[in-house]
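> This is the structure I want to talk about, given as C-alpha cells.
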Amino acid sequence: MAVPMTKRRLLTADEFQRLAAQGFFPEDERLELIRGEIFEMSPIGDRHAVCVMLIEDMLADLRPKGIVSTQNPLRLSRQLSVPQPDVVLLRRRRDFQSRPPYPEDVFLVIEVAETSLVHDRDVKIPLYAENGIPEAWLVDLNSDTIFVFRRPSSRGYQVTREYRREDEISPEAFPEFRVSVRQILG
Amino acid sequence: MAVAYQRRLLTIEEYHQMIEAGILSEDERVELIRGEMIEMTPIGNRHAGCVRWLIRSFSSTFASRAIVDAQDPVSLGEQQSEPQPDIVLLRYREDCYRSQQPRPEDVLLVVEVADSSFIYDRDVKIPLYAEAGISEAWLVAFPSDSVFSYCDPSPAGYRKVRQYRRGDVITPQAFPDGSFAVDEILG
C-alpha cells in the first residue's frame, strides 16, 4: 500500500549496535540494519554454509596480513547500515580489542547468494561501494558464477567481472594469491 | 525469486524497550504502526488550533462523563500498534487511568485531524482503529473541508462512513446529546 507523507523512523548504526549489545534482540535472530531499517536475514542453507566454510579456509592462507571475519556485523555508519557479510577480509590491526572494524579496514567483502541474489546485488553491493569498500565478490550458487566488483563510487562499483568454474581470481589487494573458482563453487 | 528479506517488525513491548533504552527520546514524534516506527508529520497552526478547540469543547460538554485525552499513545496490542491520535474520548474513570493504560474498549471516540496526512490517516490509521474495535472515529479533513465519521467497526474496516460538511452538525454515537458544528470544528 502506498503510504504518502510518512517516513519511517530510521535507526543509526550506533543505535542498532547499542540495542544488540543490550540483548534487545533474541540471540537466535539474524538481523541486519540496512539504510536505517532492520531486516531479517534468510536462514543459511547447507550449500551456502559449505561455501562460506571453504572461502574461510582458503583465505586463512592470507594470515598474518589479513583477518577473516565471517557473518559478523560491519558498521557502515554513513549509510545507517550494519550488514553481516558472509566473509570479510580485514586488515590486521592491533586495536580490534577496543574498536570494531570500519570500512577503511576492509580489503574485500564476499557475499554468497543462494536465495538472496537480488537483495545482495541490488541492495548490499551498492552499499559496500558507497562506503568505499575496495572490492566485493558475489558468489551466485544458482548460476555458478562469481561476480567481482571493483572501483567503488557513490553510485556503485564501476567495474564488474564474471568468473566461472575454470577461472582463477585474486583479491585486488593480494594479486599473488590465486584461488580457483572451482574451489569455491565445488 | 522468493523474497529472502523481510523487515523485522517490532512488538509493542520492544517499542517500549526502545524508549526505555533511550533510543527514542521523549520528545520525538514517533508512533508504532503495525510494527513499524513512523515519524509523525509536524503539526501546523490550523491543526493545533483545531485540537485545542476540540479539547475545550469536549471537556466542557462531557465534563464528568468522559475523559479527553490529547496526543497520548493508545496501545492496540493485537495490531502491534501504538498510535497517538489527536483526541481520544475515554470512558469516564475516577482515577483518570492512572493505574492502567486505556484499552480499545475504553475508547468512546478517536479524532484525527488531517491536513497533509489525510490519505495516511484515512487508509492506515482509521482501518487500524476499526480492527481494534474502537467504536467510533472522526477524521477532520482540511483538504476536503469536511469531517468524516466512521462507525460500526469490523476487522475489515468501519462499516458506516458519513461525510459532514460546513453547516452540518455532528454528534458522537456515545453521547447523542452532545452536538458540534462542523463550521466550528474546521474553524
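In the C-alpha cells, each chain is lettered A, B, ... as it comes, each chain's residues begin at 1, and ligands are numbered from 1 in order of appearance.
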Using only C-alpha atoms, determine which residues of chain B fall within 6 Å of chain A; present them as a list in words.

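Taken together, these residues fit the definition: Ala4, Tyr5, Gln6, Arg7, Arg8, Met37, Ile38, Glu39 and Tyr120 of chain B.
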
> Extract, using only C-alpha atoms, all DNA, RNA and protein residues at most 10 Å from Val50 of chain A, discarding same-chain residues fewer than 5 positions from it, and format them as a list in words.

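What passes the distance filter is Ile44, Gly45, Ile55, Glu56, Ile184, Leu185 and Gly186 of chain A.
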
> Write out the residues from the selection above, keeping C-alpha atoms, as a CSV table (one decimal), in the first residue's frame.


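Printed below is again_22.csv as written:
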```csv
chain,number,residue,atom,x,y,z
A,44,ILE,CA,21.7,-20.3,5.7
A,45,GLY,CA,21.3,-23.4,3.6
A,55,ILE,CA,36.2,-19.5,1.4
A,56,GLU,CA,37.2,-19.0,5.0
A,184,ILE,CA,34.7,-22.1,-4.0
A,185,LEU,CA,31.8,-23.4,-6.0
A,186,GLY,CA,32.6,-27.0,-5.6
```

> List the spatial neighbours of Ser146 of chain B as a list of chain:residue names - criterion: any atom at most 7 Å away, only C-alpha atoms, same-chain residues fewer than 3 positions off excluded.

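These residues fall inside the cut-off: B:Val140, B:Ala141, B:Phe142, B:Gln163, B:Tyr164, B:Arg165, B:Arg166.
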
> Any chance you can output those residues with C-alpha atoms as a CSV table (one decimal), in the first residue's frame?


```
chain,number,residue,atom,x,y,z
B,140,VAL,CA,-11.3,16.1,10.4
B,141,ALA,CA,-10.2,16.6,6.8
B,142,PHE,CA,-8.9,20.0,6.0
B,163,GLN,CA,-19.2,12.9,5.5
B,164,TYR,CA,-20.3,16.1,7.3
B,165,ARG,CA,-19.9,19.4,5.6
B,166,ARG,CA,-20.0,23.0,6.7
```

> Give me the residues within 9 Å of segment 136-147 of chain A as number ranges by chain, counting only C-alpha atoms and dropping any in the same chain fewer than 2 places off.

A: 47-48, 51, 107-115, 117, 120-121, 125, 128-129, 133-134, 149-150, 157, 160-165, 181, 184-185

> Using only C-alpha atoms, pick whichever of B:Phe62, B:Phe180, B:Tyr129, B:Trp53 has the shortest atom-to-atom distance to Pro155 of chain B.

B:Tyr129

> Using only C-alpha atoms, which residues sit within 9 Å of segment 89-100 of chain A once same-chain residues fewer than 5 positions away are excluded, as a list in words?

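So, after excluding close chain neighbours, the residues are Leu59, Arg63, Pro64, Lys65, Gly66, Ile67, Val68, Ser69, Thr70, Leu74, Arg75, Asp105, Val106, Phe107, Leu108, Val109 and Ile110 of chain A.
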
> Which one of B:Gln84, B:Gln173, B:Ser57, B:Gln101 sits closest to Lys125 of chain B if you count only C-alpha atoms?

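Of all the options, B:Gln84 lies closest to Lys125 of chain B.
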
> In chain A, what's helix (DSSP H, G or I) per DSSP? Answer as a ChimeraX atom specification?

/A:13-21,46-62,77-79,94-97,103-105,117-130,181-185

> Among the residues of segment 72-151 of chain A, find those DSSP assigns to strand (DSSP E) from the backbone and print them as a PDB file with C-alpha atoms, in the first residue's frame.


```pdb
ATOM      1  CA  VAL A  87      33.045 -13.111   4.692  1.00  0.00           C
ATOM      2  CA  VAL A  88      35.131 -10.005   5.297  1.00  0.00           C
ATOM      3  CA  LEU A  89      38.870  -9.918   4.732  1.00  0.00           C
ATOM      4  CA  LEU A  90      40.209  -7.275   7.098  1.00  0.00           C
ATOM      5  CA  ARG A  91      43.497  -5.528   7.547  1.00  0.00           C
ATOM      6  CA  VAL A 106      38.272  -3.899   4.754  1.00  0.00           C
ATOM      7  CA  PHE A 107      40.222  -5.414   1.834  1.00  0.00           C
ATOM      8  CA  LEU A 108      37.378  -7.494   0.477  1.00  0.00           C
ATOM      9  CA  VAL A 109      33.764  -8.394   1.230  1.00  0.00           C
ATOM     10  CA  ILE A 110      32.284 -11.671  -0.026  1.00  0.00           C
ATOM     11  CA  GLU A 111      28.572 -12.447  -0.176  1.00  0.00           C
ATOM     12  CA  VAL A 112      27.276 -15.916  -1.008  1.00  0.00           C
ATOM     13  CA  ALA A 113      23.828 -15.936  -2.570  1.00  0.00           C
ATOM     14  CA  GLU A 135      36.337  -4.879  -3.579  1.00  0.00           C
ATOM     15  CA  ALA A 136      33.306  -7.148  -3.263  1.00  0.00           C
ATOM     16  CA  TRP A 137      32.684 -10.670  -4.538  1.00  0.00           C
ATOM     17  CA  LEU A 138      29.222 -12.075  -5.030  1.00  0.00           C
ATOM     18  CA  VAL A 139      29.179 -15.862  -5.233  1.00  0.00           C
ATOM     19  CA  ASP A 140      25.988 -16.861  -7.017  1.00  0.00           C
ATOM     20  CA  THR A 145      29.295 -17.584 -11.171  1.00  0.00           C
ATOM     21  CA  ILE A 146      31.393 -15.261  -9.059  1.00  0.00           C
ATOM     22  CA  PHE A 147      30.828 -11.587  -9.762  1.00  0.00           C
ATOM     23  CA  VAL A 148      33.769  -9.386  -8.821  1.00  0.00           C
ATOM     24  CA  PHE A 149      33.128  -5.704  -8.177  1.00  0.00           C
ATOM     25  CA  ARG A 150      35.908  -3.101  -8.067  1.00  0.00           C
ATOM     26  CA  ARG A 151      36.406   0.678  -8.184  1.00  0.00           C
TER      27      ARG A 151
END
```

> Env of segment 68-72 of chain B: 8 Å cut, atoms = only C-alpha atoms, seq-sep filter 6 positions within chain, self excluded. Answer as an MDAnalysis selection string.

chainID B and resid 51 55 58:59 84:90

> What does the distance between atom CA of Pro83 of chain A and atom CA of Pro103 of chain A come to in Å, to one decimal place?

11.5 Å

> Using only C-alpha atoms, which of the listed residues (A:Ala13, A:Ser154, A:Lys124, A:Arg182) sits closest to Glu166 of chain A?

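For Glu166 of chain A, the nearest of the given residues is A:Arg182.
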
> Applying 12 Å and only C-alpha atoms, which residues near Ile126 of chain B remain after dropping the ones on its own chain fewer than 3 positions away? List them as a compact mmCIF listing (two decimals) with C-alpha atoms, in the first residue's frame.


```txt
# COMPACT_ATOMS: atom_id res chain seq x y z
CA ILE B 33 2.02 1.42 13.33
CA PRO B 83 -0.71 5.39 17.56
CA PRO B 85 -4.47 10.08 17.95
CA LEU B 109 -14.27 8.16 20.12
CA VAL B 110 -10.99 8.83 18.36
CA VAL B 111 -10.47 12.04 16.40
CA GLU B 112 -7.69 12.54 13.89
CA VAL B 113 -7.08 15.96 12.41
CA ALA B 114 -5.56 15.69 8.95
CA PHE B 118 -5.12 12.88 5.15
CA ILE B 119 -4.53 9.80 2.96
CA TYR B 120 -2.35 8.12 5.54
CA ASP B 121 -4.88 8.77 8.29
CA ARG B 122 -7.77 7.55 6.16
CA ASP B 123 -6.09 4.48 4.66
CA TYR B 129 -8.93 1.71 14.81
CA ALA B 130 -11.65 -0.37 13.15
CA GLU B 131 -9.62 -3.57 13.50
CA ALA B 132 -9.01 -2.80 17.16
CA GLY B 133 -12.77 -2.48 17.65
CA ILE B 134 -12.80 1.21 18.54
CA SER B 135 -16.46 2.08 18.25
CA GLU B 136 -16.22 5.44 16.52
CA ALA B 137 -13.64 7.59 14.75
CA TRP B 138 -13.79 11.07 13.26
CA LEU B 139 -11.43 12.36 10.64
CA VAL B 140 -11.28 16.13 10.43
CA PHE B 148 -15.82 12.09 8.22
CA SER B 149 -17.42 9.92 10.87
CA TYR B 150 -16.78 6.18 11.00
CA CYS B 151 -18.95 3.76 13.00
CA PRO B 153 -16.06 -1.33 13.39
CA SER B 154 -15.09 -4.67 11.87
CA PRO B 155 -11.75 -6.33 11.12
CA ALA B 156 -12.23 -5.20 7.51
CA GLY B 157 -12.80 -1.55 8.43
CA TYR B 158 -15.70 0.61 9.60
CA ARG B 159 -18.98 -0.41 8.03
CA VAL B 161 -18.93 6.21 6.91
```

> Grab the atom CA of Asp145 of chain B to atom CA of Ala181 of chain B distance for me, in Å with one decimal place.

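One can read the atom CA of Asp145 of chain B to atom CA of Ala181 of chain B distance as 12.9 Å.
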
> So how far away is atom CA of Gln84 of chain A from atom CA of Gly22 of chain B, in Å?

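These two atoms are separated by 24.7 Å.
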